[in-house]
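Worksheet for the structure shown next.
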Amino acid sequence: MDSESQESSAVPQQDESLPLLQETPAADSQLALAEEPMHEGDSEQVSPAENQAFSSFYPSVDFAECPRPISRVSDCFSTAAENFLRGCKWAPDGSCLMTNSNDNVIRLFNSPACLYESKWTDNDQFVLALSIRECELIYDFTWYPLMNSSLPETCCVATTAKDHPTHLFDAFTGELRCSYRAYNHLDEMVAAHSLRFSSDGRQLFCGFNKCVRVFEVDRPGRDCQTRPTFRKRSVSLPGIVSSIAINDPMQLYAYGSYSKTIGLYSSDGELVSLLDGHQGGVTHLQFSLDGNQLVSGARMDGEVLVWDMRSTNSVLHRLQRKVDTNQRIYFDLSRDDQFLVSGNTDGMVTVWNLATGQLHLQFRAHDDCANGVSLHPFMPLLATTSGQRQFPPCSEDAEEHMFDISQIHAENALKIWPCAQHYLEPAQ
């Protein structure tokens with residue numbers, strides 16, 4: 001596809017069946033976007049609320065006891081040195097899982113069919129279905145929010161990488177569908193640092209230095225709306241916009257910055273409030289489903305902050321976790337907003353009660369940094385990823401070896417955990 005062409009995307013209604021992401025006939029999995037533009041009411045967001053029909057078949061997340069992993073994937077991440085992972089995200093329809101790693105490859109894993117029957121055997125594993133390679137370091141990655149594996153035109157992922165435009169890839173074939181290009185005041189192409197689709201899938205929000213650019217999904221190329229976040233001699237949000245979250249019930253947009261500040265903006269791009277409280281650059285934001293809380297995390301900062309959106313300068317909870325590197329450490333909320341789950345750089349996963357802020361559970365997930373956590377949209381499953389850049393200690397024999405490589409103990413792995421009591425009974 002010519003990345004400068006302007007094409008339209010019609011996203012059909014969410015189907016009630018959830019087949020696995022798998023090979024389809026070539027005619028059914030073309031990259032071309034549909035010819036008709038989207039109109040109001042054409043599509044619905046695949047959200048936890050709309051997954052209620054599926055959720056009723058599965059128990060809710062309860063973290064009643066320390067979970068045990070049912071699957072571990074590491075072989076495909078051992079192809080390169082220091083190939084640590086950089087997070088994971090379940091597909092909106094729950095059919096597959098996406099990971100990002102230091103070799104600049106996005107990997108998609110199929111969910112075994114037995115999960116839909118709440119059964120599991122040792123022979124059932126998450127299978128690598130597709131690899132998508134970027135040329136440089138991947139800053140951010142995200143699913144198209146209306147993704148449904150029974151509708152190939154909705155199966156796509158967006159990535160942004162160093163010195164490259166934002167790419168939209170086909171999740172069936174791995175081919176490039178289109179690109180969204182941003183340029184600075186010198187007409188030089190610049191890469192986005194963060195990505196977020198609008199809930200209806202019509203717009204793609206991209207975070208840059210001192211601004212957010214909004215692209216229409218059905219109009220790839222360089223045409224976009226620029227929303228400045230920094231203005232001289234006025235209260236504003238400085239620095240690189242490193243994370244984006246959208247509050248649909250309140251029509252608020254939260255932009256996190258490496259300047260340690262969070263900006264809340266209205267739908268027309270006007271600043272509503274600035275939130276200060278982090279000790280490091282903000283790396284991750286997420287609104288609760290009802291929109292009443294905003295959860296934020298930062299690098300080199302041992303606190304996860306829960307903000308009350310009904311009183312925007314109020315911090316409801318300051319939750320302690322271990323984050324002593326500049327790596328992005330993800331957290332996630334359960335579909336009922338009851339639990340907040342976060343990774344830690346020491347390999348632990350911490351679970352809090354979101355309403356009270358009380359520690360609910362903590363368990364060791366990895367022997368290395370647990371940087372990624374993602375809860376399944378309707379099954380009580382938790383995915384975690386691990387790894388970080390390793391700095392070996394100096395060798396005693398400095399004349400022969402400057403660093404002792406043998407002292408590096410890294411774990412670069414993806415794990416799947418059932419997080420409901422008596423869930424996934426052994427198959428007979």
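Starting from 1 in every chain, residues are counted up; chains themselves are A, B, ... following the order of the structure tokens, and ligands are numbered from 1 as listed.
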Please extract the residues of stretch 97-179 of chain A with a backbone DSSP assignment of strand (DSSP E or B) and present them as a compact mmCIF listing (two decimals) with all heavy atoms, in the first residue's frame.
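Wrote it out as part38.txt, contents follow:
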```
# COMPACT_ATOMS: atom_id res chain seq x y z
N LEU A 97 -2.10 -12.86 22.14
CA LEU A 97 -1.29 -12.02 23.03
C LEU A 97 -0.12 -11.45 22.25
O LEU A 97 0.52 -12.16 21.46
CB LEU A 97 -0.79 -12.86 24.21
CG LEU A 97 0.07 -12.17 25.27
CD1 LEU A 97 -0.75 -11.14 26.03
CD2 LEU A 97 0.64 -13.21 26.24
N MET A 98 0.17 -10.17 22.46
CA MET A 98 1.25 -9.50 21.75
C MET A 98 2.36 -9.12 22.72
O MET A 98 2.10 -8.64 23.83
CB MET A 98 0.71 -8.24 21.05
CG MET A 98 1.77 -7.35 20.43
SD MET A 98 1.06 -6.04 19.37
CE MET A 98 -0.01 -5.17 20.52
N THR A 99 3.62 -9.33 22.31
CA THR A 99 4.77 -8.95 23.12
C THR A 99 5.70 -8.05 22.32
O THR A 99 5.72 -8.07 21.09
CB THR A 99 5.57 -10.17 23.59
OG1 THR A 99 6.14 -10.84 22.45
CG2 THR A 99 4.70 -11.14 24.37
N ASN A 100 6.48 -7.26 23.04
CA ASN A 100 7.52 -6.41 22.47
C ASN A 100 8.83 -6.78 23.14
O ASN A 100 8.87 -7.02 24.35
CB ASN A 100 7.18 -4.94 22.69
CG ASN A 100 8.28 -4.00 22.21
OD1 ASN A 100 9.05 -4.35 21.32
ND2 ASN A 100 8.36 -2.83 22.80
N SER A 101 9.91 -6.86 22.37
CA SER A 101 11.20 -7.26 22.94
C SER A 101 12.32 -6.40 22.37
O SER A 101 12.13 -5.62 21.42
CB SER A 101 11.48 -8.75 22.68
OG SER A 101 11.29 -9.07 21.31
N VAL A 105 11.18 -6.68 17.69
CA VAL A 105 10.21 -7.57 17.05
C VAL A 105 8.95 -7.63 17.91
O VAL A 105 9.01 -7.83 19.13
CB VAL A 105 10.78 -8.99 16.88
CG1 VAL A 105 9.72 -9.94 16.33
CG2 VAL A 105 11.99 -8.96 15.95
N ILE A 106 7.79 -7.43 17.26
CA ILE A 106 6.49 -7.66 17.86
C ILE A 106 6.10 -9.11 17.57
O ILE A 106 6.10 -9.53 16.40
CB ILE A 106 5.44 -6.70 17.30
CG1 ILE A 106 5.78 -5.25 17.66
CG2 ILE A 106 4.05 -7.06 17.81
CD1 ILE A 106 5.69 -4.93 19.14
N ARG A 107 5.76 -9.86 18.60
CA ARG A 107 5.37 -11.26 18.42
C ARG A 107 3.93 -11.47 18.88
O ARG A 107 3.53 -10.95 19.93
CB ARG A 107 6.31 -12.19 19.20
CG ARG A 107 7.73 -12.23 18.65
CD ARG A 107 8.64 -13.09 19.52
NE ARG A 107 9.95 -13.29 18.92
CZ ARG A 107 10.98 -12.45 19.06
NH1 ARG A 107 10.83 -11.35 19.81
NH2 ARG A 107 12.13 -12.69 18.48
N LEU A 108 3.18 -12.24 18.09
CA LEU A 108 1.80 -12.56 18.42
C LEU A 108 1.69 -14.05 18.71
O LEU A 108 2.17 -14.88 17.94
CB LEU A 108 0.87 -12.20 17.26
CG LEU A 108 0.91 -10.75 16.76
CD1 LEU A 108 -0.14 -10.52 15.69
CD2 LEU A 108 0.72 -9.77 17.91
N PHE A 109 1.06 -14.38 19.84
CA PHE A 109 0.90 -15.76 20.27
C PHE A 109 -0.58 -16.12 20.30
O PHE A 109 -1.40 -15.38 20.85
CB PHE A 109 1.49 -15.95 21.67
CG PHE A 109 2.97 -15.75 21.75
CD1 PHE A 109 3.51 -14.48 21.93
CD2 PHE A 109 3.85 -16.81 21.63
CE1 PHE A 109 4.88 -14.27 22.00
CE2 PHE A 109 5.22 -16.63 21.71
CZ PHE A 109 5.74 -15.36 21.89
N ASN A 110 -0.91 -17.27 19.71
CA ASN A 110 -2.29 -17.77 19.74
C ASN A 110 -2.64 -18.30 21.12
O ASN A 110 -1.83 -18.96 21.78
CB ASN A 110 -2.48 -18.88 18.72
CG ASN A 110 -2.73 -18.36 17.32
OD1 ASN A 110 -3.07 -17.19 17.15
ND2 ASN A 110 -2.56 -19.22 16.33
N LYS A 119 -10.04 -25.61 30.42
CA LYS A 119 -9.22 -26.79 30.67
C LYS A 119 -7.79 -26.50 30.23
O LYS A 119 -7.53 -25.65 29.38
CB LYS A 119 -9.76 -28.00 29.90
CG LYS A 119 -11.18 -28.41 30.27
CD LYS A 119 -11.25 -28.96 31.69
CE LYS A 119 -12.67 -29.45 32.01
NZ LYS A 119 -12.77 -29.99 33.38
N TRP A 120 -6.85 -27.27 30.80
CA TRP A 120 -5.45 -27.07 30.44
C TRP A 120 -4.69 -28.36 30.65
O TRP A 120 -4.89 -29.07 31.64
CB TRP A 120 -4.82 -25.96 31.28
CG TRP A 120 -3.42 -25.64 30.86
CD1 TRP A 120 -2.25 -26.16 31.36
CD2 TRP A 120 -3.04 -24.75 29.83
NE1 TRP A 120 -1.17 -25.64 30.71
CE2 TRP A 120 -1.62 -24.76 29.75
CE3 TRP A 120 -3.74 -23.93 28.94
CZ2 TRP A 120 -0.90 -24.00 28.84
CZ3 TRP A 120 -3.03 -23.16 28.04
CH2 TRP A 120 -1.63 -23.20 27.99
N VAL A 127 1.36 -20.63 21.21
CA VAL A 127 2.16 -20.86 20.00
C VAL A 127 2.43 -19.53 19.31
O VAL A 127 1.52 -18.72 19.11
CB VAL A 127 1.44 -21.83 19.04
CG1 VAL A 127 2.27 -22.05 17.78
CG2 VAL A 127 1.16 -23.15 19.74
N LEU A 128 3.69 -19.33 18.93
CA LEU A 128 4.06 -18.14 18.18
C LEU A 128 3.40 -18.19 16.81
O LEU A 128 3.64 -19.11 16.02
CB LEU A 128 5.58 -18.04 18.05
CG LEU A 128 6.12 -16.86 17.24
CD1 LEU A 128 5.75 -15.54 17.91
CD2 LEU A 128 7.63 -16.96 17.08
N ALA A 129 2.56 -17.21 16.51
CA ALA A 129 1.82 -17.19 15.25
C ALA A 129 2.42 -16.23 14.24
O ALA A 129 2.34 -16.48 13.03
CB ALA A 129 0.36 -16.81 15.51
N LEU A 130 3.04 -15.15 14.72
CA LEU A 130 3.50 -14.12 13.79
C LEU A 130 4.57 -13.26 14.44
O LEU A 130 4.50 -12.99 15.65
CB LEU A 130 2.31 -13.24 13.37
CG LEU A 130 2.57 -12.14 12.34
CD1 LEU A 130 2.89 -12.75 10.97
CD2 LEU A 130 1.35 -11.23 12.23
N SER A 131 5.56 -12.85 13.64
CA SER A 131 6.59 -11.91 14.09
C SER A 131 6.60 -10.71 13.16
O SER A 131 6.60 -10.87 11.94
CB SER A 131 7.97 -12.58 14.11
OG SER A 131 8.01 -13.64 15.04
N ILE A 132 6.60 -9.53 13.74
CA ILE A 132 6.63 -8.28 12.99
C ILE A 132 7.89 -7.52 13.40
O ILE A 132 8.04 -7.15 14.56
CB ILE A 132 5.38 -7.43 13.25
CG1 ILE A 132 4.11 -8.21 12.91
CG2 ILE A 132 5.43 -6.13 12.48
CD1 ILE A 132 2.83 -7.52 13.31
N ARG A 133 8.78 -7.29 12.45
CA ARG A 133 10.06 -6.67 12.78
C ARG A 133 10.05 -5.19 12.41
O ARG A 133 9.66 -4.80 11.31
CB ARG A 133 11.20 -7.37 12.04
CG ARG A 133 12.58 -6.76 12.32
CD ARG A 133 13.68 -7.58 11.70
NE ARG A 133 13.76 -8.90 12.31
CZ ARG A 133 14.38 -9.15 13.46
NH1 ARG A 133 14.98 -8.16 14.12
NH2 ARG A 133 14.43 -10.37 13.94
N ILE A 138 11.55 -0.04 19.43
CA ILE A 138 10.11 0.21 19.46
C ILE A 138 9.78 1.00 20.73
O ILE A 138 9.97 0.51 21.85
CB ILE A 138 9.32 -1.10 19.41
CG1 ILE A 138 9.62 -1.84 18.09
CG2 ILE A 138 7.82 -0.84 19.55
CD1 ILE A 138 8.99 -3.22 18.01
N TYR A 139 9.26 2.21 20.55
CA TYR A 139 8.88 3.05 21.69
C TYR A 139 7.55 2.60 22.31
O TYR A 139 7.41 2.58 23.53
CB TYR A 139 8.76 4.51 21.25
CG TYR A 139 10.06 5.19 20.92
CD1 TYR A 139 10.14 6.13 19.89
CD2 TYR A 139 11.23 4.91 21.64
CE1 TYR A 139 11.33 6.77 19.59
CE2 TYR A 139 12.42 5.55 21.34
CZ TYR A 139 12.47 6.47 20.31
OH TYR A 139 13.64 7.11 20.02
N ASP A 140 6.58 2.28 21.46
CA ASP A 140 5.26 1.92 21.98
C ASP A 140 4.55 1.04 20.95
O ASP A 140 4.89 1.06 19.75
CB ASP A 140 4.44 3.17 22.27
CG ASP A 140 3.31 2.91 23.27
OD1 ASP A 140 3.20 1.76 23.75
OD2 ASP A 140 2.53 3.84 23.55
N PHE A 141 3.56 0.30 21.41
CA PHE A 141 2.79 -0.60 20.55
C PHE A 141 1.40 -0.73 21.14
O PHE A 141 1.20 -0.67 22.35
CB PHE A 141 3.47 -1.97 20.44
CG PHE A 141 3.61 -2.71 21.75
CD1 PHE A 141 2.82 -3.80 22.03
CD2 PHE A 141 4.52 -2.29 22.72
CE1 PHE A 141 2.94 -4.49 23.23
CE2 PHE A 141 4.65 -2.97 23.92
CZ PHE A 141 3.86 -4.08 24.18
N THR A 142 0.40 -0.92 20.27
CA THR A 142 -0.97 -1.01 20.76
C THR A 142 -1.85 -1.74 19.76
O THR A 142 -1.59 -1.73 18.55
CB THR A 142 -1.54 0.40 21.04
OG1 THR A 142 -2.82 0.28 21.65
CG2 THR A 142 -1.67 1.22 19.76
N TRP A 143 -2.89 -2.38 20.27
CA TRP A 143 -3.88 -3.04 19.43
C TRP A 143 -4.90 -2.04 18.91
O TRP A 143 -5.21 -1.05 19.58
CB TRP A 143 -4.65 -4.10 20.23
CG TRP A 143 -3.90 -5.37 20.51
CD1 TRP A 143 -3.27 -5.71 21.68
CD2 TRP A 143 -3.71 -6.48 19.62
NE1 TRP A 143 -2.71 -6.95 21.56
CE2 TRP A 143 -2.97 -7.45 20.32
CE3 TRP A 143 -4.11 -6.74 18.32
CZ2 TRP A 143 -2.60 -8.67 19.75
CZ3 TRP A 143 -3.75 -7.95 17.73
CH2 TRP A 143 -3.02 -8.90 18.45
N CYS A 156 -5.30 -5.51 13.44
CA CYS A 156 -4.09 -4.74 13.16
C CYS A 156 -3.50 -4.19 14.44
O CYS A 156 -4.20 -4.05 15.45
CB CYS A 156 -4.37 -3.62 12.15
SG CYS A 156 -5.74 -2.55 12.60
N VAL A 157 -2.22 -3.90 14.39
CA VAL A 157 -1.50 -3.33 15.53
C VAL A 157 -0.73 -2.11 15.05
O VAL A 157 -0.27 -2.06 13.90
CB VAL A 157 -0.53 -4.35 16.17
CG1 VAL A 157 -1.30 -5.54 16.70
CG2 VAL A 157 0.51 -4.81 15.17
N ALA A 158 -0.60 -1.13 15.92
CA ALA A 158 0.16 0.08 15.61
C ALA A 158 1.45 0.08 16.43
O ALA A 158 1.45 -0.30 17.60
CB ALA A 158 -0.65 1.33 15.91
N THR A 159 2.55 0.49 15.80
CA THR A 159 3.83 0.58 16.48
C THR A 159 4.49 1.91 16.14
O THR A 159 4.24 2.48 15.07
CB THR A 159 4.79 -0.55 16.06
OG1 THR A 159 5.11 -0.41 14.67
CG2 THR A 159 4.16 -1.91 16.29
N THR A 160 5.32 2.38 17.04
CA THR A 160 6.16 3.52 16.74
C THR A 160 7.58 3.19 17.16
O THR A 160 7.81 2.66 18.26
CB THR A 160 5.67 4.79 17.46
OG1 THR A 160 6.56 5.88 17.18
CG2 THR A 160 5.59 4.60 18.96
N ALA A 161 8.53 3.45 16.27
CA ALA A 161 9.93 3.10 16.50
C ALA A 161 10.83 4.31 16.25
O ALA A 161 10.44 5.25 15.54
CB ALA A 161 10.34 1.93 15.60
N THR A 166 4.83 6.20 12.43
CA THR A 166 3.96 5.23 13.08
C THR A 166 3.43 4.26 12.03
O THR A 166 2.92 4.68 11.00
CB THR A 166 2.80 5.95 13.78
OG1 THR A 166 3.33 6.81 14.80
CG2 THR A 166 1.86 4.95 14.42
N HIS A 167 3.56 2.98 12.31
CA HIS A 167 3.16 1.95 11.35
C HIS A 167 1.91 1.22 11.82
O HIS A 167 1.74 0.97 13.02
CB HIS A 167 4.29 0.93 11.15
CG HIS A 167 5.48 1.47 10.44
ND1 HIS A 167 6.77 1.02 10.68
CD2 HIS A 167 5.60 2.43 9.48
CE1 HIS A 167 7.62 1.68 9.90
NE2 HIS A 167 6.93 2.53 9.17
N LEU A 168 1.06 0.86 10.86
CA LEU A 168 -0.09 0.02 11.13
C LEU A 168 0.12 -1.30 10.39
O LEU A 168 0.18 -1.33 9.16
CB LEU A 168 -1.38 0.69 10.65
CG LEU A 168 -2.69 0.03 11.08
CD1 LEU A 168 -2.89 0.17 12.59
CD2 LEU A 168 -3.88 0.66 10.34
N PHE A 169 0.28 -2.39 11.17
CA PHE A 169 0.58 -3.70 10.60
C PHE A 169 -0.66 -4.60 10.64
O PHE A 169 -1.49 -4.51 11.55
CB PHE A 169 1.71 -4.38 11.37
CG PHE A 169 3.06 -3.77 11.16
CD1 PHE A 169 3.60 -2.90 12.11
CD2 PHE A 169 3.80 -4.06 10.03
CE1 PHE A 169 4.85 -2.35 11.92
CE2 PHE A 169 5.06 -3.52 9.84
CZ PHE A 169 5.58 -2.65 10.78
N ASP A 170 -0.74 -5.49 9.66
CA ASP A 170 -1.79 -6.50 9.63
C ASP A 170 -1.42 -7.61 10.61
O ASP A 170 -0.31 -8.15 10.57
CB ASP A 170 -1.94 -7.06 8.22
CG ASP A 170 -3.15 -7.95 8.09
OD1 ASP A 170 -3.07 -9.12 8.52
OD2 ASP A 170 -4.17 -7.48 7.55
N LEU A 176 2.78 -4.44 6.20
CA LEU A 176 2.49 -3.05 6.54
C LEU A 176 1.24 -2.59 5.80
O LEU A 176 1.17 -2.65 4.57
CB LEU A 176 3.69 -2.17 6.17
CG LEU A 176 3.53 -0.67 6.44
CD1 LEU A 176 3.42 -0.41 7.94
CD2 LEU A 176 4.71 0.10 5.86
N ARG A 177 0.26 -2.10 6.56
CA ARG A 177 -0.94 -1.57 5.93
C ARG A 177 -0.74 -0.12 5.50
O ARG A 177 -1.06 0.25 4.38
CB ARG A 177 -2.12 -1.64 6.89
CG ARG A 177 -2.69 -3.03 7.11
CD ARG A 177 -4.02 -2.95 7.83
NE ARG A 177 -4.59 -4.27 8.06
CZ ARG A 177 -5.78 -4.47 8.60
NH1 ARG A 177 -6.52 -3.44 8.98
NH2 ARG A 177 -6.24 -5.71 8.76
N CYS A 178 -0.24 0.70 6.42
CA CYS A 178 -0.05 2.12 6.12
C CYS A 178 0.83 2.75 7.18
O CYS A 178 1.18 2.11 8.18
CB CYS A 178 -1.40 2.84 6.02
SG CYS A 178 -2.37 2.77 7.54
N SER A 179 1.18 4.01 6.96
CA SER A 179 2.03 4.77 7.89
C SER A 179 1.41 6.12 8.17
O SER A 179 0.72 6.70 7.32
CB SER A 179 3.44 4.96 7.31
OG SER A 179 4.08 3.72 7.09
```
With a distance cut-off of 10 Å and only C-alpha atoms, select the neighbouring residues of stretch 248-252 of chain A, excluding the residue or stretch itself and same-chain residues fewer than 4 positions from it, and output the selection as a PyMOL selection string. chain A and resi 198-199+263-269+271-272+287+289-292+309-310
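The residue set within 8 Å of A:Glu411, counting only C-alpha atoms and dropping same-chain residues fewer than 3 places from it, reads Phe84, His366, Asp367, Asp368, Ser386 and Gly387 of chain A.
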Written file, previous selection with N, CA, C and O atoms, as a CSV table (one decimal), in the first residue's frame:
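Contents of result.csv, as written:
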```
chain,number,residue,atom,x,y,z
A,84,PHE,N,15.7,-8.9,26.1
A,84,PHE,CA,14.7,-8.8,27.1
A,84,PHE,C,13.4,-8.3,26.6
A,84,PHE,O,13.4,-7.6,25.6
A,366,HIS,N,9.0,-13.8,38.3
A,366,HIS,CA,10.2,-14.0,37.5
A,366,HIS,C,11.4,-13.8,38.4
A,366,HIS,O,11.4,-13.2,39.5
A,367,ASP,N,12.6,-14.3,37.9
A,367,ASP,CA,13.8,-14.2,38.5
A,367,ASP,C,14.6,-12.9,38.0
A,367,ASP,O,15.7,-12.7,38.3
A,368,ASP,N,13.9,-12.2,37.2
A,368,ASP,CA,14.4,-10.9,36.6
A,368,ASP,C,13.3,-9.9,36.7
A,368,ASP,O,12.2,-10.1,37.2
A,386,SER,N,9.3,-10.5,31.3
A,386,SER,CA,10.5,-10.2,32.2
A,386,SER,C,11.7,-9.9,31.3
A,386,SER,O,11.8,-10.1,30.1
A,387,GLY,N,12.7,-9.3,32.0
A,387,GLY,CA,14.0,-9.0,31.4
A,387,GLY,C,14.3,-7.5,31.6
A,387,GLY,O,13.5,-6.7,31.7
```
Determine, counting only C-alpha atoms, which protein, DNA and RNA residues have an atom within 8 Å of an atom of A:Gln421; residues of the same chain fewer than 6 positions away are not included. Present the result as number ranges by chain. A: 62-65
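Separating atom CA of A:Gly201 from atom CA of A:His164 is a distance of 22.1 Å.
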With only C-alpha atoms as the counted atoms, please give the residues lying no more than 6 Å from stretch 332-349 of chain A, apart from itself and same-chain residues fewer than 5 positions off, as a ChimeraX atom specification. /A:48,322-323,354,362-371,374
For N, CA, C and O atoms, I'd like the residues from the last selection saved as a compact mmCIF listing (two decimals), in the first residue's frame.
```
# COMPACT_ATOMS: atom_id res chain seq x y z
N PRO A 48 -14.31 -4.28 28.31
CA PRO A 48 -14.75 -5.23 29.32
C PRO A 48 -16.25 -5.21 29.52
O PRO A 48 -16.87 -6.24 29.77
N LYS A 322 8.53 -1.59 43.50
CA LYS A 322 9.98 -1.41 43.33
C LYS A 322 10.25 -1.11 41.85
O LYS A 322 10.10 -1.98 40.99
N VAL A 323 10.64 0.13 41.57
CA VAL A 323 11.03 0.55 40.22
C VAL A 323 12.28 1.41 40.37
O VAL A 323 12.21 2.57 40.75
N LEU A 354 -8.14 -1.76 44.52
CA LEU A 354 -8.15 -0.40 44.01
C LEU A 354 -8.99 0.53 44.88
O LEU A 354 -8.65 1.70 45.06
N GLN A 362 1.07 -10.51 46.88
CA GLN A 362 2.34 -10.31 46.20
C GLN A 362 2.99 -11.68 46.00
O GLN A 362 3.01 -12.50 46.92
N PHE A 363 3.49 -11.91 44.80
CA PHE A 363 4.12 -13.20 44.51
C PHE A 363 5.28 -13.00 43.53
O PHE A 363 5.30 -12.01 42.78
N ARG A 364 6.22 -13.94 43.56
CA ARG A 364 7.36 -13.87 42.65
C ARG A 364 6.96 -14.47 41.31
O ARG A 364 6.62 -15.64 41.21
N ALA A 365 7.03 -13.64 40.28
CA ALA A 365 6.67 -14.09 38.94
C ALA A 365 7.89 -14.47 38.11
O ALA A 365 7.82 -15.38 37.28
N HIS A 366 9.00 -13.76 38.32
CA HIS A 366 10.21 -13.98 37.52
C HIS A 366 11.44 -13.82 38.39
O HIS A 366 11.39 -13.20 39.46
N ASP A 367 12.55 -14.34 37.89
CA ASP A 367 13.84 -14.16 38.55
C ASP A 367 14.57 -12.93 38.01
O ASP A 367 15.74 -12.72 38.31
N ASP A 368 13.90 -12.16 37.21
CA ASP A 368 14.43 -10.92 36.64
C ASP A 368 13.31 -9.88 36.71
O ASP A 368 12.23 -10.14 37.23
N CYS A 369 13.56 -8.72 36.17
CA CYS A 369 12.59 -7.63 36.21
C CYS A 369 11.26 -8.05 35.57
O CYS A 369 11.23 -8.47 34.41
N ALA A 370 10.16 -7.93 36.31
CA ALA A 370 8.82 -8.19 35.76
C ALA A 370 8.29 -6.88 35.20
O ALA A 370 7.69 -6.08 35.91
N ASN A 371 8.55 -6.65 33.90
CA ASN A 371 8.25 -5.35 33.31
C ASN A 371 6.87 -5.25 32.69
O ASN A 371 6.34 -4.15 32.49
N SER A 374 -0.48 -7.95 31.97
CA SER A 374 -1.69 -7.70 31.20
C SER A 374 -2.74 -8.72 31.58
O SER A 374 -2.49 -9.93 31.53
```
